[in-house]
Structures are given as C-alpha cells and as structure tokens.
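Contents: one structure, followed by commentary.
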Amino acid sequence: MFHVWRKRSKEKCASLSFEQTWGSNTRLQGSLPEARPPRRSFLIAYTGDTLKVHIQNLVIPADDRCFRNLDTKHAHCLKQFYENQQMCHTILIGNIVSDVTTDKGNLSKFLQEPGKVAVETLGGNHTRHALQCLFASQTKPISMVTCRLYNKLPDELALQLGYEHNASYTLGKPTSLVDLVNVFRKEEQQK
C-alpha cells in the first residue's frame, strides 16, 4: 500500500495498493477521491479513437503527475529500436495542458503542427524521450505519434492513467526464441 500526496498542499489524494498473484494480472486497488469527475469528461478522443500528435508537442509531465521518473538507459534502448522503424506503434496517453480549442477538427490540425499545443506524456514518457532524441538528431526521425488525449486532467487521474498504461505493457507476453524461429521460417517460406 502506498499513498499519493499532493506536493504543494501535503494533502493525501489517493491510497493505492498493488496486487499480483502468480499467473494473474496485476491490479491496482485503492481509493481515489470519490468527488472526482468521471474520466470520460476529460477525454477528447472517445472509445478507440486516437489523434496524431507531432513529437515536438509532447512534454514531460509535471512532477505531481508523473507516475515514474525517466530511466535514460531504457529510453536509450527504445531509441536504438526506433532507429530502424518507420513509425511508432505505441499509443501514448497525453494530457493537453495548453489553452486550445477542444473542437476535434481544429485540435487535430493544431496537434500536428510543431509547437502549437503542449501535451503532457502521462503514458509513454520513455518512448517520447527516445523519439525526441531521434528527431533532434535527424536520424530517420519519426515526427508523429498516436495519442489518446485528455484535457486538463486532475493529478489523481493523471497518475492513475500513467499506472494503467505501464501495467498494460508490463503484462504483455514476451517474445520467445520459438516465436522468433517461427517468424524467420515464415519469412523464408514467403521468399
């Protein structure tokens, strides 16, 4: 069990615990403030809908909203991976912190123009860092990423979304040696 505190006011805003048993999913249990508005009211792109965001519009989340600190070694590994990719398949979780229109048509245009909108990266912060480093070095830059966007989330929900994003990737099945051999065999058969 751990508690999430607001830095400035030293007020407890959530009590969370992690539960993991062998062979089952990791679950976040606990209580977030009951008076919080529903998450959907902050969501810009509804149910399965995502928007493209220029990599230069993504920013690191504020300390109070950051689920975990940036691990530069992990970000470097991601950078090496993305050097050989033409696009980023990871869907990032973003929170718009700029004062911009939430009309989806106009917002979509602003999101794709560098420097027009500030979007905190609540989920996928290591990917953001890796892609921004690649973009700055002009080494096969990936300029657009896909984001599920929220608007002006409270700190509690920002932390929860960061946790949920990371938990979903932690639970993914690792690629085994057998998986790799099967893929290579299929590629050889297609030649």
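By order in the structure tokens, chains are A, B, ...; within a chain, residues start at 1; ligands start at 1, following the order shown.
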Could you give me, as an MDAnalysis selection string, the residues within 7 Å of stretch 50-67 of chain A, counting only C-alpha atoms and dropping anything in the same chain fewer than 3 positions from it?
chainID A and resid 6:7 45 108 111:122 125 132 143:148 155 158:159 162:163
Could you tell me, as a PyMOL selection string, which residues of stretch 44-107 of chain A DSSP assigns to helix (DSSP H, G or I) when given the backbone?
chain A and resi 55-57+63-65+72-82+104-107
Only C-alpha atoms, please: the residues just picked out, written as a short mmCIF file (atom, residue, chain, number, x, y, z; two decimals), in the first residue's frame.
data_model
loop_
_atom_site.label_atom_id
_atom_site.label_comp_id
_atom_site.auth_asym_id
_atom_site.auth_seq_id
_atom_site.Cartn_x
_atom_site.Cartn_y
_atom_site.Cartn_z
CA ILE A 55 6.61 14.72 -31.43
CA GLN A 56 7.68 18.30 -30.64
CA ASN A 57 4.33 18.99 -28.94
CA ASP A 63 6.36 16.07 -11.05
CA ASP A 64 2.96 15.81 -9.35
CA ARG A 65 1.55 13.98 -12.37
CA THR A 72 17.59 7.17 -19.53
CA LYS A 73 19.05 3.67 -20.09
CA HIS A 74 15.61 2.35 -21.01
CA ALA A 75 14.95 5.38 -23.22
CA HIS A 76 18.29 4.76 -24.98
CA CYS A 77 17.25 1.14 -25.71
CA LEU A 78 13.98 2.43 -27.17
CA LYS A 79 15.90 4.97 -29.25
CA GLN A 80 18.04 2.19 -30.73
CA PHE A 81 14.90 0.20 -31.53
CA TYR A 82 13.15 3.14 -33.22
CA LYS A 104 -11.73 17.86 -32.65
CA GLY A 105 -11.27 19.14 -36.21
CA ASN A 106 -9.32 22.25 -35.26
CA LEU A 107 -7.49 20.50 -32.44
#
